[in-house]
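J.: As input, take start-v1.cif (mmCIF, N, CA and C atoms):
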data_coords
loop_
_atom_site.group_PDB
_atom_site.id
_atom_site.type_symbol
_atom_site.label_atom_id
_atom_site.label_comp_id
_atom_site.auth_asym_id
_atom_site.auth_seq_id
_atom_site.Cartn_x
_atom_site.Cartn_y
_atom_site.Cartn_z
ATOM 1 N N LEU A 199 19.519 -25.729 8.657
ATOM 2 C CA LEU A 199 18.527 -25.088 9.513
ATOM 3 C C LEU A 199 18.409 -23.595 9.175
ATOM 4 N N VAL A 200 19.554 -22.967 8.945
ATOM 5 C CA VAL A 200 19.550 -21.547 8.592
ATOM 6 C C VAL A 200 18.849 -21.347 7.260
ATOM 7 N N ASP A 201 19.090 -22.250 6.318
ATOM 8 C CA ASP A 201 18.430 -22.160 5.015
ATOM 9 C C ASP A 201 16.920 -22.306 5.143
ATOM 10 N N ALA A 202 16.486 -23.180 6.032
ATOM 11 C CA ALA A 202 15.048 -23.382 6.234
ATOM 12 C C ALA A 202 14.406 -22.110 6.773
ATOM 13 N N PHE A 203 15.048 -21.472 7.741
ATOM 14 C CA PHE A 203 14.512 -20.227 8.288
ATOM 15 C C PHE A 203 14.527 -19.112 7.249
ATOM 16 N N SER A 204 15.563 -19.072 6.451
ATOM 17 C CA SER A 204 15.645 -18.068 5.398
ATOM 18 C C SER A 204 14.517 -18.253 4.391
ATOM 19 N N GLU A 205 14.246 -19.490 4.021
ATOM 20 C CA GLU A 205 13.162 -19.781 3.083
ATOM 21 C C GLU A 205 11.803 -19.424 3.688
ATOM 22 N N MET A 206 11.609 -19.744 4.975
ATOM 23 C CA MET A 206 10.349 -19.396 5.639
ATOM 24 C C MET A 206 10.168 -17.887 5.684
ATOM 25 N N ARG A 207 11.244 -17.172 5.937
ATOM 26 C CA ARG A 207 11.176 -15.708 5.988
ATOM 27 C C ARG A 207 10.781 -15.144 4.627
ATOM 28 N N LYS A 208 11.337 -15.697 3.553
ATOM 29 C CA LYS A 208 10.977 -15.262 2.205
ATOM 30 C C LYS A 208 9.504 -15.535 1.916
ATOM 31 N N GLN A 209 9.029 -16.713 2.320
ATOM 32 C CA GLN A 209 7.625 -17.063 2.100
ATOM 33 C C GLN A 209 6.695 -16.134 2.874
ATOM 34 N N ILE A 210 7.051 -15.846 4.108
ATOM 35 C CA ILE A 210 6.237 -14.937 4.923
ATOM 36 C C ILE A 210 6.192 -13.560 4.286
ATOM 37 N N HIS A 211 7.330 -13.068 3.826
ATOM 38 C CA HIS A 211 7.385 -11.756 3.178
ATOM 39 C C HIS A 211 6.528 -11.749 1.916
ATOM 40 N N HIS A 212 6.627 -12.801 1.122
ATOM 41 C CA HIS A 212 5.836 -12.899 -0.110
ATOM 42 C C HIS A 212 4.340 -12.911 0.202
ATOM 43 N N ARG A 213 3.944 -13.684 1.192
ATOM 44 C CA ARG A 213 2.523 -13.754 1.568
ATOM 45 C C ARG A 213 2.026 -12.428 2.120
ATOM 46 N N GLN A 214 2.858 -11.757 2.909
ATOM 47 C CA GLN A 214 2.476 -10.461 3.460
ATOM 48 C C GLN A 214 2.290 -9.438 2.343
ATOM 49 N N THR A 215 3.177 -9.454 1.376
ATOM 50 C CA THR A 215 3.066 -8.548 0.233
ATOM 51 C C THR A 215 1.793 -8.823 -0.550
ATOM 52 N N ALA A 216 1.477 -10.098 -0.756
ATOM 53 C CA ALA A 216 0.258 -10.470 -1.476
ATOM 54 C C ALA A 216 -0.986 -10.030 -0.708
ATOM 55 N N LEU A 217 -0.983 -10.195 0.606
ATOM 56 C CA LEU A 217 -2.128 -9.776 1.417
ATOM 57 C C LEU A 217 -2.313 -8.264 1.385
ATOM 58 N N GLU A 218 -1.215 -7.520 1.433
ATOM 59 C CA GLU A 218 -1.305 -6.060 1.341
ATOM 60 C C GLU A 218 -1.919 -5.643 0.015
ATOM 61 N N TYR A 219 -1.486 -6.286 -1.055
ATOM 62 C CA TYR A 219 -2.025 -5.962 -2.374
ATOM 63 C C TYR A 219 -3.523 -6.262 -2.415
ATOM 64 N N GLN A 220 -3.919 -7.418 -1.897
ATOM 65 C CA GLN A 220 -5.334 -7.789 -1.892
ATOM 66 C C GLN A 220 -6.165 -6.819 -1.057
ATOM 67 N N ALA A 221 -5.588 -6.317 0.019
ATOM 68 C CA ALA A 221 -6.323 -5.404 0.891
ATOM 69 C C ALA A 221 -6.507 -4.033 0.264
ATOM 70 N N LEU A 222 -5.629 -3.648 -0.657
ATOM 71 C CA LEU A 222 -5.642 -2.293 -1.196
ATOM 72 C C LEU A 222 -6.076 -2.199 -2.655
ATOM 73 N N HIS A 223 -6.407 -3.333 -3.275
ATOM 74 C CA HIS A 223 -6.795 -3.339 -4.685
ATOM 75 C C HIS A 223 -8.056 -4.172 -4.898
ATOM 76 N N ASP A 224 -8.823 -3.792 -5.907
ATOM 77 C CA ASP A 224 -10.024 -4.523 -6.277
ATOM 78 C C ASP A 224 -9.629 -5.865 -6.882
ATOM 79 N N SER A 225 -10.281 -6.933 -6.447
ATOM 80 C CA SER A 225 -9.903 -8.262 -6.920
ATOM 81 C C SER A 225 -10.276 -8.499 -8.379
ATOM 82 N N LEU A 226 -11.294 -7.820 -8.883
ATOM 83 C CA LEU A 226 -11.720 -8.023 -10.265
ATOM 84 C C LEU A 226 -10.884 -7.201 -11.243
ATOM 85 N N THR A 227 -10.698 -5.925 -10.929
ATOM 86 C CA THR A 227 -10.026 -5.026 -11.872
ATOM 87 C C THR A 227 -8.549 -4.814 -11.567
ATOM 88 N N GLY A 228 -8.142 -5.037 -10.316
ATOM 89 C CA GLY A 228 -6.763 -4.778 -9.931
ATOM 90 C C GLY A 228 -6.487 -3.313 -9.652
ATOM 91 N N LEU A 229 -7.531 -2.487 -9.745
ATOM 92 C CA LEU A 229 -7.367 -1.058 -9.486
ATOM 93 C C LEU A 229 -7.344 -0.788 -7.992
ATOM 94 N N ALA A 230 -6.751 0.327 -7.623
ATOM 95 C CA ALA A 230 -6.704 0.724 -6.216
ATOM 96 C C ALA A 230 -8.118 0.895 -5.679
ATOM 97 N N ASN A 231 -8.325 0.497 -4.426
ATOM 98 C CA ASN A 231 -9.650 0.626 -3.830
ATOM 99 C C ASN A 231 -9.737 1.875 -2.947
ATOM 100 N N ARG A 232 -10.865 2.036 -2.303
ATOM 101 C CA ARG A 232 -11.122 3.223 -1.491
ATOM 102 C C ARG A 232 -10.120 3.362 -0.352
ATOM 103 N N THR A 233 -9.744 2.254 0.248
ATOM 104 C CA THR A 233 -8.792 2.297 1.361
ATOM 105 C C THR A 233 -7.466 2.900 0.917
ATOM 106 N N LEU A 234 -6.965 2.459 -0.231
ATOM 107 C CA LEU A 234 -5.709 2.999 -0.748
ATOM 108 C C LEU A 234 -5.872 4.463 -1.138
ATOM 109 N N LEU A 235 -6.999 4.805 -1.754
ATOM 110 C CA LEU A 235 -7.257 6.196 -2.125
ATOM 111 C C LEU A 235 -7.244 7.096 -0.896
ATOM 112 N N LEU A 236 -7.948 6.696 0.149
ATOM 113 C CA LEU A 236 -8.002 7.517 1.361
ATOM 114 C C LEU A 236 -6.627 7.635 2.018
ATOM 115 N N ASP A 237 -5.856 6.552 1.992
ATOM 116 C CA ASP A 237 -4.510 6.586 2.558
ATOM 117 C C ASP A 237 -3.625 7.565 1.799
ATOM 118 N N ARG A 238 -3.639 7.485 0.481
ATOM 119 C CA ARG A 238 -2.806 8.378 -0.332
ATOM 120 C C ARG A 238 -3.278 9.825 -0.234
ATOM 121 N N LEU A 239 -4.579 10.020 -0.122
ATOM 122 C CA LEU A 239 -5.115 11.370 0.036
ATOM 123 C C LEU A 239 -4.662 11.968 1.365
ATOM 124 N N GLN A 240 -4.717 11.162 2.419
ATOM 125 C CA GLN A 240 -4.266 11.634 3.726
ATOM 126 C C GLN A 240 -2.773 11.966 3.695
ATOM 127 N N GLN A 241 -1.980 11.138 3.042
ATOM 128 C CA GLN A 241 -0.552 11.418 2.917
ATOM 129 C C GLN A 241 -0.314 12.725 2.164
ATOM 130 N N GLY A 242 -1.071 12.943 1.104
ATOM 131 C CA GLY A 242 -0.941 14.172 0.328
ATOM 132 C C GLY A 242 -1.304 15.401 1.139
ATOM 133 N N ILE A 243 -2.366 15.306 1.907
ATOM 134 C CA ILE A 243 -2.798 16.426 2.751
ATOM 135 C C ILE A 243 -1.728 16.738 3.793
ATOM 136 N N GLN A 244 -1.176 15.704 4.411
ATOM 137 C CA GLN A 244 -0.132 15.915 5.412
ATOM 138 C C GLN A 244 1.122 16.530 4.791
ATOM 139 N N GLN A 245 1.476 16.070 3.608
ATOM 140 C CA GLN A 245 2.651 16.622 2.933
ATOM 141 C C GLN A 245 2.428 18.088 2.581
ATOM 142 N N CYS A 246 1.224 18.419 2.129
ATOM 143 C CA CYS A 246 0.919 19.816 1.804
ATOM 144 C C CYS A 246 0.952 20.689 3.049
ATOM 145 N N ALA A 247 0.476 20.153 4.155
ATOM 146 C CA ALA A 247 0.502 20.915 5.399
ATOM 147 C C ALA A 247 1.945 21.172 5.838
ATOM 148 N N ARG A 248 2.809 20.168 5.682
ATOM 149 C CA ARG A 248 4.219 20.329 6.069
ATOM 150 C C ARG A 248 4.930 21.351 5.199
ATOM 151 N N HIS A 249 4.636 21.330 3.913
ATOM 152 C CA HIS A 249 5.345 22.199 2.974
ATOM 153 C C HIS A 249 4.550 23.452 2.603
ATOM 154 N N GLN A 250 3.420 23.639 3.238
ATOM 155 C CA GLN A 250 2.542 24.778 2.976
ATOM 156 C C GLN A 250 2.306 24.947 1.476
ATOM 157 N N SER A 251 1.836 23.878 0.873
ATOM 158 C CA SER A 251 1.553 23.902 -0.562
ATOM 159 C C SER A 251 0.120 23.436 -0.804
ATOM 160 N N ALA A 252 -0.297 23.522 -2.044
ATOM 161 C CA ALA A 252 -1.667 23.158 -2.406
ATOM 162 C C ALA A 252 -1.719 21.706 -2.873
ATOM 163 N N LEU A 253 -2.914 21.154 -2.826
ATOM 164 C CA LEU A 253 -3.153 19.788 -3.285
ATOM 165 C C LEU A 253 -4.341 19.802 -4.226
ATOM 166 N N SER A 254 -4.196 19.147 -5.354
ATOM 167 C CA SER A 254 -5.339 19.008 -6.255
ATOM 168 C C SER A 254 -5.639 17.529 -6.413
ATOM 169 N N LEU A 255 -6.902 17.212 -6.607
ATOM 170 C CA LEU A 255 -7.349 15.831 -6.736
ATOM 171 C C LEU A 255 -8.156 15.706 -8.007
ATOM 172 N N LEU A 256 -7.744 14.816 -8.863
ATOM 173 C CA LEU A 256 -8.438 14.584 -10.123
ATOM 174 C C LEU A 256 -8.940 13.152 -10.123
ATOM 175 N N ILE A 257 -10.242 13.001 -10.232
ATOM 176 C CA ILE A 257 -10.838 11.659 -10.225
ATOM 177 C C ILE A 257 -11.534 11.426 -11.543
#
Just dump the structure as structure tokens.
T.:
Amino acid sequence: LVDAFSEMRKQIHHRQTALEYQALHDSLTGLANRTLLLDRLQQGIQQCARHQSALSLLI
């Protein structure tokens, strides 16, 4: 029974990881999509604000 739950937990984790990837990457090219770009940009801005540093963006 413990093994069954462990296997289900692994499957759930694998599926969740796959769904996250699909949500943040283009299905045709595999490149990061706008959602991931905006998330990383927001993280960069917050980090710069915390450390009082500059941020550059190259597209």
J.: What lies within 12 Å of Leu253 in chain A using only C-alpha atoms, ignoring chain neighbours under 3 positions off, as a ChimeraX atom specification?
T.: /A:238-250,256
J.: Could you write out the selected residues, including N, CA and C atoms, as an mmCIF file, in the coordinates of the input?
T.:
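The new file again.cif reads:
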data_model
loop_
_atom_site.group_PDB
_atom_site.id
_atom_site.type_symbol
_atom_site.label_atom_id
_atom_site.label_comp_id
_atom_site.auth_asym_id
_atom_site.auth_seq_id
_atom_site.Cartn_x
_atom_site.Cartn_y
_atom_site.Cartn_z
ATOM 1 N N ARG A 238 -3.639 7.485 0.481
ATOM 2 C CA ARG A 238 -2.806 8.378 -0.332
ATOM 3 C C ARG A 238 -3.278 9.825 -0.234
ATOM 4 N N LEU A 239 -4.579 10.020 -0.122
ATOM 5 C CA LEU A 239 -5.115 11.370 0.036
ATOM 6 C C LEU A 239 -4.662 11.968 1.365
ATOM 7 N N GLN A 240 -4.717 11.162 2.419
ATOM 8 C CA GLN A 240 -4.266 11.634 3.726
ATOM 9 C C GLN A 240 -2.773 11.966 3.695
ATOM 10 N N GLN A 241 -1.980 11.138 3.042
ATOM 11 C CA GLN A 241 -0.552 11.418 2.917
ATOM 12 C C GLN A 241 -0.314 12.725 2.164
ATOM 13 N N GLY A 242 -1.071 12.943 1.104
ATOM 14 C CA GLY A 242 -0.941 14.172 0.328
ATOM 15 C C GLY A 242 -1.304 15.401 1.139
ATOM 16 N N ILE A 243 -2.366 15.306 1.907
ATOM 17 C CA ILE A 243 -2.798 16.426 2.751
ATOM 18 C C ILE A 243 -1.728 16.738 3.793
ATOM 19 N N GLN A 244 -1.176 15.704 4.411
ATOM 20 C CA GLN A 244 -0.132 15.915 5.412
ATOM 21 C C GLN A 244 1.122 16.530 4.791
ATOM 22 N N GLN A 245 1.476 16.070 3.608
ATOM 23 C CA GLN A 245 2.651 16.622 2.933
ATOM 24 C C GLN A 245 2.428 18.088 2.581
ATOM 25 N N CYS A 246 1.224 18.419 2.129
ATOM 26 C CA CYS A 246 0.919 19.816 1.804
ATOM 27 C C CYS A 246 0.952 20.689 3.049
ATOM 28 N N ALA A 247 0.476 20.153 4.155
ATOM 29 C CA ALA A 247 0.502 20.915 5.399
ATOM 30 C C ALA A 247 1.945 21.172 5.838
ATOM 31 N N ARG A 248 2.809 20.168 5.682
ATOM 32 C CA ARG A 248 4.219 20.329 6.069
ATOM 33 C C ARG A 248 4.930 21.351 5.199
ATOM 34 N N HIS A 249 4.636 21.330 3.913
ATOM 35 C CA HIS A 249 5.345 22.199 2.974
ATOM 36 C C HIS A 249 4.550 23.452 2.603
ATOM 37 N N GLN A 250 3.420 23.639 3.238
ATOM 38 C CA GLN A 250 2.542 24.778 2.976
ATOM 39 C C GLN A 250 2.306 24.947 1.476
ATOM 40 N N LEU A 256 -7.744 14.816 -8.863
ATOM 41 C CA LEU A 256 -8.438 14.584 -10.123
ATOM 42 C C LEU A 256 -8.940 13.152 -10.123
#
J.: Might you pull out every residue within 7 Å of Ala221 in chain A, with only N, CA and C atoms counted and same-chain residues fewer than 4 positions away left off, and present them as a PyMOL selection string?
T.: chain A and resi 216-217+231+233-234
J.: Kindly give the distance, in Å, that separates CA of Leu255 in chain A and CA of Ala230 in chain A, rounded to a single decimal.
T.: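 These atoms are spaced 15.1 Å apart.
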J.: List every residue of chain A that DSSP, applied to the backbone, labels as helix (DSSP H, G or I), and write the result as JSON, numbers by chain.
T.: {"A": [200, 201, 202, 203, 204, 205, 206, 207, 208, 209, 210, 211, 212, 213, 214, 215, 216, 217, 218, 219, 220, 221, 222, 232, 233, 234, 235, 236, 237, 238, 239, 240, 241, 242, 243, 244, 245, 246, 247, 248, 249]}
J.: In Å, with one decimal, what is the gap from CA of Tyr219 in chain A to CA of Ala252 in chain A?
T.: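 Between CA of Tyr219 in chain A and CA of Ala252 in chain A the gap works out to 29.1 Å.
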J.: Quick one, how far is atom C of His211 in chain A from atom C of Leu235 in chain A?
T.: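 Result for atom C of His211 in chain A versus atom C of Leu235 in chain A: 23.5 Å, one decimal.
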